[in-house]
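What's in target_22.txt: compact mmCIF, C-alpha atoms
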```txt
# COMPACT_ATOMS: atom_id res chain seq x y z
CA MET A 1296 -27.07 -9.32 18.14
CA ILE A 1297 -25.53 -9.57 14.64
CA GLU A 1298 -28.27 -8.65 12.13
CA ALA A 1299 -26.31 -9.12 8.91
CA LEU A 1300 -23.06 -10.61 7.70
CA VAL A 1301 -21.06 -8.50 5.27
CA PHE A 1302 -18.33 -10.25 3.29
CA ASP A 1303 -15.29 -9.04 1.49
CA ALA A 1304 -15.21 -10.64 -1.99
CA TYR A 1305 -11.65 -10.95 -3.37
CA GLY A 1306 -9.55 -13.30 -1.25
CA THR A 1307 -12.41 -14.02 1.16
CA LEU A 1308 -15.19 -15.64 -0.92
CA TYR A 1309 -13.34 -15.72 -4.24
CA ASP A 1310 -9.77 -16.93 -4.68
CA VAL A 1311 -7.82 -14.30 -6.62
CA HIS A 1312 -5.03 -16.81 -7.11
CA SER A 1313 -7.24 -19.07 -9.19
CA VAL A 1314 -5.78 -17.03 -12.09
CA VAL A 1315 -2.50 -18.93 -11.64
CA ARG A 1316 -3.42 -21.67 -14.12
CA ARG A 1317 -4.14 -19.17 -16.87
CA CYS A 1318 -0.92 -17.28 -16.08
CA GLU A 1319 0.95 -20.59 -16.26
CA SER A 1320 -0.50 -21.34 -19.67
CA PHE A 1321 1.00 -18.11 -21.03
CA TRP A 1322 4.28 -18.09 -19.09
CA PRO A 1323 5.14 -21.59 -17.83
CA GLY A 1324 6.82 -21.66 -14.44
CA ARG A 1325 5.99 -18.01 -13.68
CA GLY A 1326 2.27 -18.26 -12.90
CA THR A 1327 2.45 -18.26 -9.11
CA ALA A 1328 4.97 -15.42 -8.97
CA LEU A 1329 3.00 -13.32 -11.46
CA SER A 1330 -0.27 -13.86 -9.62
CA ALA A 1331 1.35 -12.73 -6.35
CA ALA A 1332 2.97 -9.68 -7.96
CA TRP A 1333 -0.26 -8.74 -9.73
CA ARG A 1334 -2.36 -8.97 -6.57
CA SER A 1335 0.17 -7.05 -4.50
CA LYS A 1336 0.38 -4.20 -7.04
CA GLN A 1337 -3.40 -4.16 -7.44
CA LEU A 1338 -3.86 -3.48 -3.73
CA GLU A 1339 -1.02 -0.97 -3.64
CA TYR A 1340 -2.63 1.01 -6.47
CA THR A 1341 -6.01 1.08 -4.68
CA TRP A 1342 -4.34 2.59 -1.61
CA LEU A 1343 -2.20 5.05 -3.56
CA ARG A 1344 -5.00 6.29 -5.80
CA SER A 1345 -7.26 6.71 -2.78
CA LEU A 1346 -4.64 8.76 -0.94
CA MET A 1347 -3.94 10.85 -4.03
CA GLY A 1348 -7.67 11.51 -4.36
CA ARG A 1349 -7.50 9.98 -7.87
CA TYR A 1350 -9.95 7.09 -7.76
CA ALA A 1351 -10.23 4.89 -10.84
CA PRO A 1352 -12.46 1.79 -11.08
CA PHE A 1353 -11.06 -1.56 -9.96
CA SER A 1354 -11.17 -2.91 -13.51
CA GLN A 1355 -8.75 -0.16 -14.60
CA VAL A 1356 -6.54 -0.54 -11.52
CA THR A 1357 -6.42 -4.31 -11.98
CA LEU A 1358 -5.36 -3.99 -15.62
CA GLU A 1359 -2.74 -1.36 -14.78
CA ALA A 1360 -1.37 -3.61 -12.03
CA LEU A 1361 -1.16 -6.52 -14.48
CA ARG A 1362 0.78 -4.38 -16.95
CA PHE A 1363 3.20 -3.26 -14.25
CA ALA A 1364 3.70 -6.79 -12.92
CA CYS A 1365 4.40 -8.21 -16.38
CA GLU A 1366 6.86 -5.47 -17.19
CA ALA A 1367 8.63 -5.91 -13.84
CA MET A 1368 8.90 -9.68 -14.49
CA LYS A 1369 9.83 -9.12 -18.17
CA LEU A 1370 6.86 -11.15 -19.41
CA PRO A 1371 5.54 -10.06 -22.82
CA LEU A 1372 1.89 -9.10 -22.44
CA GLY A 1373 -0.25 -8.82 -25.57
CA GLY A 1374 -3.89 -7.91 -26.04
CA GLU A 1375 -4.93 -11.56 -26.07
CA GLN A 1376 -3.30 -12.29 -22.72
CA GLU A 1377 -4.70 -9.11 -21.19
CA ARG A 1378 -8.25 -9.98 -22.19
CA ALA A 1379 -7.90 -13.59 -21.08
CA LEU A 1380 -6.48 -12.68 -17.66
CA MET A 1381 -9.00 -9.91 -17.03
CA ASP A 1382 -11.76 -12.35 -18.00
CA GLU A 1383 -10.47 -14.76 -15.36
CA TYR A 1384 -11.37 -12.16 -12.75
CA THR A 1385 -15.05 -12.61 -13.58
CA ARG A 1386 -14.76 -16.38 -13.11
CA LEU A 1387 -12.64 -16.68 -9.97
CA ALA A 1388 -13.18 -19.89 -8.03
CA THR A 1389 -14.87 -19.69 -4.64
CA PHE A 1390 -13.00 -21.14 -1.70
CA PRO A 1391 -14.11 -24.75 -1.02
CA GLU A 1392 -16.25 -24.10 2.06
CA VAL A 1393 -18.06 -20.97 0.80
CA ALA A 1394 -21.13 -22.45 -0.91
CA SER A 1395 -22.02 -24.90 1.87
CA PHE A 1396 -21.40 -22.26 4.55
CA LEU A 1397 -23.76 -19.80 2.89
CA GLN A 1398 -26.37 -22.49 2.34
CA LYS A 1399 -26.47 -23.40 6.03
CA ARG A 1400 -26.66 -19.80 7.30
CA SER A 1401 -29.87 -17.89 7.43
CA GLY A 1402 -30.08 -14.12 7.91
CA ARG A 1403 -29.17 -11.15 5.78
CA ARG A 1404 -25.90 -11.19 3.91
CA ALA A 1405 -24.09 -8.76 1.66
CA ILE A 1406 -20.84 -8.27 -0.21
CA LEU A 1407 -18.79 -5.09 0.31
CA SER A 1408 -16.01 -5.06 -2.24
CA ASN A 1409 -13.32 -3.00 -3.93
CA GLY A 1410 -14.59 -4.46 -7.20
CA SER A 1411 -16.27 -2.14 -9.66
CA PRO A 1412 -19.68 -3.38 -10.86
CA ASP A 1413 -18.29 -4.33 -14.29
CA MET A 1414 -16.09 -6.93 -12.57
CA LEU A 1415 -18.06 -7.76 -9.45
CA ASP A 1416 -21.55 -8.36 -10.85
CA PRO A 1417 -20.47 -10.96 -13.46
CA LEU A 1418 -18.30 -12.66 -10.84
CA VAL A 1419 -21.15 -13.04 -8.35
CA ALA A 1420 -23.54 -14.17 -11.09
CA HIS A 1421 -21.04 -16.74 -12.38
CA SER A 1422 -20.50 -18.19 -8.92
CA GLY A 1423 -24.22 -18.73 -8.30
CA LEU A 1424 -23.96 -17.32 -4.77
CA ARG A 1425 -26.92 -15.19 -3.61
CA PHE A 1426 -26.76 -12.03 -1.52
CA ASP A 1427 -29.23 -9.43 -0.31
CA ALA A 1428 -26.89 -6.70 -1.54
CA VAL A 1429 -23.67 -6.48 -3.55
CA LEU A 1430 -22.03 -3.18 -2.65
CA SER A 1431 -19.08 -1.66 -4.47
CA VAL A 1432 -16.68 1.06 -3.33
CA ASP A 1433 -17.34 2.54 -6.76
CA GLU A 1434 -20.34 4.32 -5.21
CA VAL A 1435 -18.13 6.33 -2.89
CA GLY A 1436 -15.07 6.70 -5.13
CA VAL A 1437 -12.46 5.59 -2.61
CA TYR A 1438 -11.04 2.18 -1.67
CA LYS A 1439 -10.83 0.16 1.53
CA PRO A 1440 -9.87 0.72 4.30
CA SER A 1441 -11.39 4.21 4.13
CA PRO A 1442 -14.20 4.51 6.70
CA GLN A 1443 -16.42 5.88 3.89
CA VAL A 1444 -16.47 2.40 2.38
CA TYR A 1445 -17.64 0.66 5.56
CA GLU A 1446 -20.20 3.43 6.12
CA LEU A 1447 -21.72 2.49 2.77
CA ALA A 1448 -22.83 -0.86 4.22
CA VAL A 1449 -24.45 0.88 7.19
CA GLN A 1450 -26.34 3.24 4.89
CA ARG A 1451 -27.48 0.63 2.42
CA LEU A 1452 -28.39 -2.11 4.90
CA ARG A 1453 -29.86 0.36 7.41
CA ILE A 1454 -28.31 -1.53 10.31
CA ALA A 1455 -26.19 0.03 13.09
CA LYS A 1456 -22.52 -0.76 12.65
CA GLU A 1457 -22.29 -2.62 15.96
CA ARG A 1458 -24.82 -5.11 14.59
CA ILE A 1459 -22.98 -5.83 11.38
CA GLY A 1460 -20.63 -8.81 11.31
CA PHE A 1461 -17.85 -8.17 8.82
CA VAL A 1462 -15.81 -11.04 7.41
CA SER A 1463 -12.54 -10.63 5.49
CA SER A 1464 -9.45 -12.69 4.71
CA ASN A 1465 -7.46 -9.53 4.18
CA CYS A 1466 -6.09 -8.63 7.59
CA TRP A 1467 -5.78 -4.91 6.80
CA ASP A 1468 -9.43 -4.90 5.65
CA ALA A 1469 -10.53 -6.64 8.85
CA ILE A 1470 -8.60 -4.09 10.92
CA GLY A 1471 -9.97 -1.17 8.93
CA ALA A 1472 -13.51 -2.48 9.48
CA LYS A 1473 -12.81 -2.89 13.20
CA ALA A 1474 -11.48 0.67 13.46
CA PHE A 1475 -14.76 1.75 11.83
CA GLY A 1476 -16.83 -0.13 14.38
CA PHE A 1477 -18.08 -3.43 12.92
CA GLN A 1478 -17.93 -6.79 14.67
CA VAL A 1479 -15.08 -8.29 12.71
CA TYR A 1480 -13.84 -11.77 11.88
CA TRP A 1481 -10.56 -12.28 10.13
CA VAL A 1482 -10.41 -15.46 8.05
CA ASN A 1483 -6.72 -16.28 8.28
CA ARG A 1484 -6.46 -19.25 5.92
CA GLY A 1485 -2.69 -19.05 5.59
CA SER A 1486 -1.71 -18.53 9.25
CA ALA A 1487 -0.32 -15.08 8.50
CA PRO A 1488 0.83 -12.79 11.32
CA LEU A 1489 -1.61 -10.14 12.52
CA ASP A 1490 -0.96 -6.75 10.95
CA ARG A 1491 0.12 -4.04 13.42
CA LEU A 1492 -2.32 -1.23 12.73
CA GLY A 1493 -3.62 -0.35 16.16
CA PHE A 1494 -6.76 -2.54 16.16
CA ALA A 1495 -7.47 -6.27 16.31
CA PRO A 1496 -10.38 -8.29 14.89
CA ASP A 1497 -12.96 -9.65 17.35
CA GLY A 1498 -12.25 -13.16 16.14
CA ILE A 1499 -9.75 -15.02 13.99
CA VAL A 1500 -10.82 -18.20 12.18
CA SER A 1501 -9.07 -20.46 9.70
CA SER A 1502 -12.11 -20.89 7.43
CA LEU A 1503 -15.68 -19.61 7.14
CA GLN A 1504 -16.88 -22.83 8.76
CA ASP A 1505 -15.32 -21.79 12.05
CA LEU A 1506 -17.32 -18.55 12.27
CA PRO A 1507 -19.45 -18.42 15.44
CA MET B 1323 11.88 28.86 -13.26
CA ILE B 1324 12.53 26.32 -10.47
CA GLU B 1325 13.00 28.29 -7.24
CA ALA B 1326 13.65 25.40 -4.86
CA LEU B 1327 14.43 21.69 -4.94
CA VAL B 1328 12.47 19.52 -2.51
CA PHE B 1329 13.83 16.04 -1.85
CA ASP B 1330 12.28 12.90 -0.52
CA ALA B 1331 14.56 11.46 2.18
CA TYR B 1332 14.20 7.67 2.54
CA GLY B 1333 15.31 5.88 -0.59
CA THR B 1334 16.22 9.13 -2.38
CA LEU B 1335 18.97 10.77 -0.30
CA TYR B 1336 19.32 8.03 2.33
CA ASP B 1337 19.56 4.34 1.52
CA VAL B 1338 17.03 2.46 3.67
CA HIS B 1339 18.71 -0.80 2.72
CA SER B 1340 21.89 0.19 4.47
CA VAL B 1341 20.28 -1.64 7.42
CA VAL B 1342 21.04 -4.94 5.68
CA ARG B 1343 24.42 -5.38 7.35
CA ARG B 1344 22.94 -5.03 10.81
CA CYS B 1345 20.11 -7.42 9.90
CA GLU B 1346 22.73 -9.89 8.65
CA SER B 1347 24.62 -9.69 11.92
CA PHE B 1348 21.51 -10.86 13.80
CA TRP B 1349 20.14 -13.33 11.23
CA PRO B 1350 22.87 -14.46 8.81
CA GLY B 1351 21.67 -15.04 5.27
CA ARG B 1352 18.34 -13.29 5.85
CA GLY B 1353 19.41 -9.64 5.94
CA THR B 1354 18.48 -8.66 2.39
CA ALA B 1355 15.10 -10.39 2.52
CA LEU B 1356 14.28 -8.88 5.92
CA SER B 1357 15.24 -5.39 4.81
CA ALA B 1358 12.98 -5.70 1.74
CA ALA B 1359 10.04 -7.09 3.77
CA TRP B 1360 10.48 -4.42 6.45
CA ARG B 1361 10.54 -1.54 3.95
CA SER B 1362 7.57 -2.92 2.02
CA LYS B 1363 5.45 -3.29 5.16
CA GLN B 1364 6.54 0.11 6.43
CA LEU B 1365 5.18 1.79 3.31
CA GLU B 1366 2.02 -0.33 3.33
CA TYR B 1367 1.29 0.72 6.91
CA THR B 1368 1.73 4.42 6.06
CA TRP B 1369 -0.85 4.09 3.28
CA LEU B 1370 -3.28 2.01 5.32
CA ARG B 1371 -3.14 4.20 8.42
CA SER B 1372 -3.62 7.30 6.28
CA LEU B 1373 -6.67 5.81 4.58
CA MET B 1374 -8.09 4.65 7.91
CA GLY B 1375 -7.61 8.16 9.30
CA ARG B 1376 -5.40 6.65 12.02
CA TYR B 1377 -2.08 8.37 11.63
CA ALA B 1378 0.78 7.28 13.88
CA PRO B 1379 4.34 8.66 13.70
CA PHE B 1380 6.81 7.03 11.33
CA SER B 1381 8.93 5.80 14.23
CA GLN B 1382 5.96 3.75 15.50
CA VAL B 1383 4.98 2.54 12.03
CA THR B 1384 8.58 1.54 11.30
CA LEU B 1385 8.84 -0.47 14.51
CA GLU B 1386 5.47 -2.15 13.91
CA ALA B 1387 6.55 -3.06 10.38
CA LEU B 1388 9.77 -4.56 11.71
CA ARG B 1389 7.83 -6.69 14.19
CA PHE B 1390 5.49 -7.91 11.47
CA ALA B 1391 8.33 -8.69 9.05
CA CYS B 1392 10.27 -10.66 11.66
CA GLU B 1393 7.21 -12.66 12.67
CA ALA B 1394 6.37 -13.40 9.03
CA MET B 1395 9.93 -14.60 8.43
CA LYS B 1396 10.04 -16.44 11.78
CA LEU B 1397 13.03 -14.45 13.01
CA PRO B 1398 13.18 -14.03 16.79
CA LEU B 1399 13.20 -10.30 17.59
CA GLY B 1400 14.25 -9.22 21.07
CA GLY B 1401 14.51 -5.77 22.63
CA GLU B 1402 18.21 -5.53 21.82
CA GLN B 1403 17.67 -6.20 18.11
CA GLU B 1404 14.72 -3.80 17.98
CA ARG B 1405 16.74 -0.97 19.47
CA ALA B 1406 19.77 -1.66 17.27
CA LEU B 1407 17.72 -1.79 14.05
CA MET B 1408 15.68 1.30 14.88
CA ASP B 1409 18.95 3.10 15.69
CA GLU B 1410 20.21 2.21 12.23
CA TYR B 1411 17.43 4.35 10.80
CA THR B 1412 19.05 7.44 12.30
CA ARG B 1413 22.39 6.55 10.66
CA LEU B 1414 21.36 5.47 7.18
CA ALA B 1415 24.05 5.91 4.54
CA THR B 1416 23.54 8.56 1.87
CA PHE B 1417 23.69 7.40 -1.73
CA PRO B 1418 27.20 7.92 -3.18
CA GLU B 1419 26.46 10.97 -5.33
CA VAL B 1420 24.34 12.90 -2.81
CA ALA B 1421 26.97 14.96 -0.97
CA SER B 1422 28.83 16.13 -4.07
CA PHE B 1423 25.59 16.88 -5.89
CA LEU B 1424 24.32 19.09 -3.08
CA GLN B 1425 27.68 20.81 -2.77
CA LYS B 1426 27.69 21.82 -6.42
CA ARG B 1427 24.08 23.10 -6.48
CA SER B 1428 23.14 26.52 -5.28
CA GLY B 1429 19.56 27.59 -4.56
CA ARG B 1430 17.06 26.73 -1.90
CA ARG B 1431 16.63 23.10 -0.95
CA ALA B 1432 14.40 21.23 1.46
CA ILE B 1433 13.48 17.73 2.58
CA LEU B 1434 9.84 16.62 2.57
CA SER B 1435 9.64 13.25 4.28
CA ASN B 1436 7.38 10.65 5.83
CA GLY B 1437 9.83 10.55 8.73
CA SER B 1438 8.72 11.85 12.08
CA PRO B 1439 11.09 14.43 13.62
CA ASP B 1440 12.39 11.90 16.18
CA MET B 1441 13.81 9.85 13.29
CA LEU B 1442 14.41 12.46 10.63
CA ASP B 1443 16.24 15.17 12.57
CA PRO B 1444 18.98 12.86 13.95
CA LEU B 1445 19.36 11.29 10.49
CA VAL B 1446 19.92 14.61 8.74
CA ALA B 1447 22.27 15.80 11.50
CA HIS B 1448 24.29 12.57 11.34
CA SER B 1449 24.68 12.83 7.57
CA GLY B 1450 26.06 16.37 7.71
CA LEU B 1451 23.83 17.47 4.80
CA ARG B 1452 22.41 21.00 5.05
CA PHE B 1453 18.92 22.11 4.04
CA ASP B 1454 16.90 25.29 4.27
CA ALA B 1455 13.99 23.29 5.69
CA VAL B 1456 13.39 19.73 6.87
CA LEU B 1457 9.65 19.13 6.63
CA SER B 1458 7.85 16.13 8.08
CA VAL B 1459 4.37 14.77 7.28
CA ASP B 1460 3.98 14.66 11.05
CA GLU B 1461 2.78 18.27 10.86
CA VAL B 1462 -0.25 17.31 8.78
CA GLY B 1463 -0.91 13.85 10.26
CA VAL B 1464 -1.19 11.96 7.00
CA TYR B 1465 1.39 10.25 4.78
CA LYS B 1466 2.48 10.61 1.16
CA PRO B 1467 1.04 10.64 -1.47
CA SER B 1468 -1.76 12.71 0.09
CA PRO B 1469 -1.86 16.17 -1.53
CA GLN B 1470 -1.87 17.66 2.00
CA VAL B 1471 1.74 16.57 2.35
CA TYR B 1472 2.94 18.26 -0.83
CA GLU B 1473 0.94 21.36 0.08
CA LEU B 1474 3.01 21.59 3.26
CA ALA B 1475 6.09 22.40 1.16
CA VAL B 1476 4.23 25.15 -0.69
CA GLN B 1477 3.08 26.68 2.58
CA ARG B 1478 6.39 26.50 4.35
CA LEU B 1479 8.62 27.55 1.45
CA ARG B 1480 6.13 30.17 0.20
CA ILE B 1481 6.81 29.20 -3.40
CA ALA B 1482 4.13 28.38 -6.00
CA LYS B 1483 3.96 24.65 -6.67
CA GLU B 1484 4.86 25.05 -10.35
CA ARG B 1485 8.18 26.53 -9.24
CA ILE B 1486 9.10 23.69 -6.91
CA GLY B 1487 11.24 20.87 -8.30
CA PHE B 1488 10.47 17.66 -6.44
CA VAL B 1489 12.91 14.75 -6.47
CA SER B 1490 12.09 11.22 -5.34
CA SER B 1491 13.34 7.69 -5.96
CA ASN B 1492 9.95 6.30 -4.99
CA CYS B 1493 7.96 6.24 -8.19
CA TRP B 1494 4.58 6.44 -6.42
CA ASP B 1495 5.84 9.51 -4.49
CA ALA B 1496 7.03 11.15 -7.72
CA ILE B 1497 3.65 10.47 -9.32
CA GLY B 1498 1.75 11.75 -6.28
CA ALA B 1499 3.82 14.94 -6.36
CA LYS B 1500 3.16 15.32 -10.09
CA ALA B 1501 -0.59 14.88 -9.56
CA PHE B 1502 -0.33 17.65 -6.97
CA GLY B 1503 1.41 19.98 -9.42
CA PHE B 1504 5.17 20.05 -8.75
CA GLN B 1505 7.85 19.79 -11.42
CA VAL B 1506 8.91 16.22 -10.72
CA TYR B 1507 12.02 14.13 -11.29
CA TRP B 1508 11.99 10.42 -10.57
CA VAL B 1509 15.41 9.04 -9.64
CA ASN B 1510 15.10 5.50 -10.97
CA ARG B 1511 18.36 3.96 -9.73
CA GLY B 1512 17.20 0.38 -10.23
CA SER B 1513 15.60 0.66 -13.72
CA ALA B 1514 12.17 -0.17 -12.29
CA PRO B 1515 9.06 0.06 -14.51
CA LEU B 1516 6.99 3.23 -14.24
CA ASP B 1517 4.01 2.83 -11.93
CA ARG B 1518 0.61 3.10 -13.64
CA LEU B 1519 -1.17 5.74 -11.60
CA GLY B 1520 -2.44 8.15 -14.20
CA PHE B 1521 0.47 10.64 -14.12
CA ALA B 1522 4.10 10.60 -15.22
CA PRO B 1523 7.12 12.50 -13.85
CA ASP B 1524 8.51 15.36 -15.93
CA GLY B 1525 11.88 13.64 -16.02
CA ILE B 1526 13.44 10.29 -15.17
CA VAL B 1527 17.11 10.10 -14.20
CA SER B 1528 19.32 7.28 -12.98
CA SER B 1529 21.08 9.34 -10.32
CA LEU B 1530 20.94 12.84 -8.82
CA GLN B 1531 23.90 13.82 -11.02
CA ASP B 1532 21.73 13.54 -14.11
CA LEU B 1533 19.21 16.11 -12.88
CA PRO B 1534 18.95 19.07 -15.27
```
Reformat the file's structure so that it appears as structure tokens.
Amino acid sequence: MIEALVFDAYGTLYDVHSVVRRCESFWPGRGTALSAAWRSKQLEYTWLRSLMGRYAPFSQVTLEALRFACEAMKLPLGGEQERALMDEYTRLATFPEVASFLQKRSGRRAILSNGSPDMLDPLVAHSGLRFDAVLSVDEVGVYKPSPQVYELAVQRLRIAKERIGFVSSNCWDAIGAKAFGFQVYWVNRGSAPLDRLGFAPDGIVSSLQDLP
Amino acid sequence: MIEALVFDAYGTLYDVHSVVRRCESFWPGRGTALSAAWRSKQLEYTWLRSLMGRYAPFSQVTLEALRFACEAMKLPLGGEQERALMDEYTRLATFPEVASFLQKRSGRRAILSNGSPDMLDPLVAHSGLRFDAVLSVDEVGVYKPSPQVYELAVQRLRIAKERIGFVSSNCWDAIGAKAFGFQVYWVNRGSAPLDRLGFAPDGIVSSLQDLP
């Protein structure tokens, strides 16, 4: 019944917190906190810009979130650190089970990501993972969880939404995809509570390996 | 040149963290952390629901955010605590300078708030503050910083947006209002960094008393 699997990238296949080590090298003892603050602000800015109708590419939003997070934590951020940390985003580690999971599964697979092509394409290439399509919200100029983003996968894969299996570790993304009409699996690696947004995923798993 | 002042309510006139004491009474030592987590999730849900096109009233969103925050912090939340904490939202304290500031200022003034009327109207009545209009996003079915929300003030006050002075302590709200076209003052009580969202307020003050 499922004709293609569509994966979120950041946090689902690729670990955004693999930047911690580089953060630590610049600001010892603050790496974990900075990574968390950076990620949180990055998402917040995608939602706010979308609602304002003022889309900017994820590379810009990610840099602006880094600058905010460093200022809020009073960490001096120079050009060298900025470049090094932004570069890390094109070399994020995959979660341990990702490569073997994708190797074992046949069938069509795609990425549907907030990432702009300037960040997303090098990341996918660096990781060596292969997909039938790597789709970016940049094409529609609005971020997840806008239904326009999920519709992009339907249009580009030419598969009815009920036959698309969508996989995300970001609960709000999973719920947004469910509200749109995909079959949705939430990869809840950290045993987080379910977000209360009026919809629930079809399945909750603790790693990709537990997907049906 | 400014014909009316339009105020954000939560965080600007009314202190959302005045719920801390009640949180403390239920879960000693956790009140401040719970209040912060609750507020953060409450805002996140307003942005996510707006982007999903799944508006729900602020009273529902606020309760759902409370339930999430308590589960995430492993605090047992019963019906009694829910009712007591939601009631607090209709009795939030005003910031110290608010009453005297409003007393001294003449001219038209309004509230433009995320709050649904079931929360906002009792709050304003309880505080004794008087406004020419108390406007809720509930009329347009989408949350700040959507331009539709700010447009509501233009429509209801019948004043051109350039002649409306908008005042908010929430930086993202101030920036959203600026992107829309108001004259905007950000009340930055906590010396927070400016959010990087492509626009800047016309003025930044540390309390309402410093408004020009």
If we count only C-alpha atoms, what is near region 1476-1482 of chain B at a cut-off of 12 Å, once residues fewer than 4 positions away on the same chain are taken out, given as an NGL selection string?
:B and (1323-1328 or 1430-1434 or 1453-1458 or 1461-1462 or 1469-1472 or 1486-1488 or 1499 or 1502-1505)
Can you tell me, as a PDB file with C-alpha atoms, in the coordinates of the input, what residues are no more than 9 Å from Ser1354 (chain A) when counting all atoms listed in the file, ignoring any on the same chain fewer than 3 positions away?
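Result file follows (result-v4.pdb):
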```
ATOM      1  CA  ALA A1351     -10.230   4.890 -10.840  1.00  0.00           C
ATOM      2  CA  THR A1357      -6.420  -4.310 -11.980  1.00  0.00           C
ATOM      3  CA  LEU A1358      -5.360  -3.990 -15.620  1.00  0.00           C
ATOM      4  CA  GLU A1359      -2.740  -1.360 -14.780  1.00  0.00           C
ATOM      5  CA  MET A1381      -9.000  -9.910 -17.030  1.00  0.00           C
ATOM      6  CA  GLY A1410     -14.590  -4.460  -7.200  1.00  0.00           C
ATOM      7  CA  SER A1411     -16.270  -2.140  -9.660  1.00  0.00           C
ATOM      8  CA  PRO A1412     -19.680  -3.380 -10.860  1.00  0.00           C
ATOM      9  CA  ASP A1413     -18.290  -4.330 -14.290  1.00  0.00           C
ATOM     10  CA  MET A1414     -16.090  -6.930 -12.570  1.00  0.00           C
TER      11      MET A1414
END
```
Gly1373 (chain A) environment, 10 Å, all atoms listed in the file, sequence neighbours closer than 4 positions dropped, as a PyMOL selection string
chain A and resi 1362+1377-1378
Point out the residue among B:Asp1517, B:Glu1393, B:Asp1460, B:Glu1484 with the least atom-to-atom distance to Gly1498 (chain B), counting all atoms listed in the file.
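Selected residue with least distance to Gly1498 (chain B): B:Asp1517.
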Looking at B:Tyr1336, B:Tyr1367, B:Trp1360, B:Trp1349, which one is nearest to chain A, with distances taken over only C-alpha atoms?
B:Tyr1367
Check: which chain B residues lie within 9 Å of chain A using only C-alpha atoms, as a VMD selection string:
chain B and resid 1366 to 1367 1369 to 1376 1383 1386 to 1387 1389 to 1391 1393 to 1394 1465 to 1469 1494 1498 1501 to 1502 1514 to 1520
Grab the CA of Leu1424 (chain B) to CA of Asp1330 (chain B) distance for me, in Å with one decimal place.
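Distance between the two atoms: 13.8 Å.
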Pick from B:Arg1361, B:Arg1511, B:Lys1483, B:Lys1500: nearest to Leu1335 (chain B), with only C-alpha atoms counted?
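Closest candidate: B:Arg1511.
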Missing atoms in region 1324-1335 of chain B: can you complete it with N, CA and C atoms, as a PDB file, in the frame of the given file?
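Saved the output as selection-v4.pdb:
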```
ATOM      1  N   ILE B1324      12.579  27.081 -11.720  1.00  0.00           N
ATOM      2  CA  ILE B1324      12.530  26.320 -10.470  1.00  0.00           C
ATOM      3  C   ILE B1324      13.196  27.154  -9.371  1.00  0.00           C
ATOM      4  N   GLU B1325      12.436  27.455  -8.301  1.00  0.00           N
ATOM      5  CA  GLU B1325      13.000  28.290  -7.240  1.00  0.00           C
ATOM      6  C   GLU B1325      13.545  27.490  -6.056  1.00  0.00           C
ATOM      7  N   ALA B1326      13.126  26.234  -5.945  1.00  0.00           N
ATOM      8  CA  ALA B1326      13.650  25.400  -4.860  1.00  0.00           C
ATOM      9  C   ALA B1326      13.556  23.935  -5.254  1.00  0.00           C
ATOM     10  N   LEU B1327      14.510  23.145  -4.771  1.00  0.00           N
ATOM     11  CA  LEU B1327      14.430  21.690  -4.940  1.00  0.00           C
ATOM     12  C   LEU B1327      13.980  21.080  -3.615  1.00  0.00           C
ATOM     13  N   VAL B1328      12.982  20.210  -3.701  1.00  0.00           N
ATOM     14  CA  VAL B1328      12.470  19.520  -2.510  1.00  0.00           C
ATOM     15  C   VAL B1328      12.737  18.028  -2.708  1.00  0.00           C
ATOM     16  N   PHE B1329      13.423  17.439  -1.738  1.00  0.00           N
ATOM     17  CA  PHE B1329      13.830  16.040  -1.850  1.00  0.00           C
ATOM     18  C   PHE B1329      13.048  15.150  -0.906  1.00  0.00           C
ATOM     19  N   ASP B1330      12.660  13.995  -1.399  1.00  0.00           N
ATOM     20  CA  ASP B1330      12.280  12.900  -0.520  1.00  0.00           C
ATOM     21  C   ASP B1330      13.548  12.438   0.218  1.00  0.00           C
ATOM     22  N   ALA B1331      13.390  11.892   1.414  1.00  0.00           N
ATOM     23  CA  ALA B1331      14.560  11.460   2.180  1.00  0.00           C
ATOM     24  C   ALA B1331      14.858   9.967   2.008  1.00  0.00           C
ATOM     25  N   TYR B1332      13.931   9.115   2.496  1.00  0.00           N
ATOM     26  CA  TYR B1332      14.200   7.670   2.540  1.00  0.00           C
ATOM     27  C   TYR B1332      14.137   7.049   1.157  1.00  0.00           C
ATOM     28  N   GLY B1333      15.252   6.514   0.722  1.00  0.00           N
ATOM     29  CA  GLY B1333      15.310   5.880  -0.590  1.00  0.00           C
ATOM     30  C   GLY B1333      15.837   6.828  -1.656  1.00  0.00           C
ATOM     31  N   THR B1334      15.784   8.135  -1.394  1.00  0.00           N
ATOM     32  CA  THR B1334      16.220   9.130  -2.380  1.00  0.00           C
ATOM     33  C   THR B1334      17.589   9.705  -1.997  1.00  0.00           C
ATOM     34  N   LEU B1335      17.672  10.288  -0.791  1.00  0.00           N
ATOM     35  CA  LEU B1335      18.970  10.770  -0.300  1.00  0.00           C
ATOM     36  C   LEU B1335      19.641   9.695   0.553  1.00  0.00           C
TER      37      LEU B1335
END
```
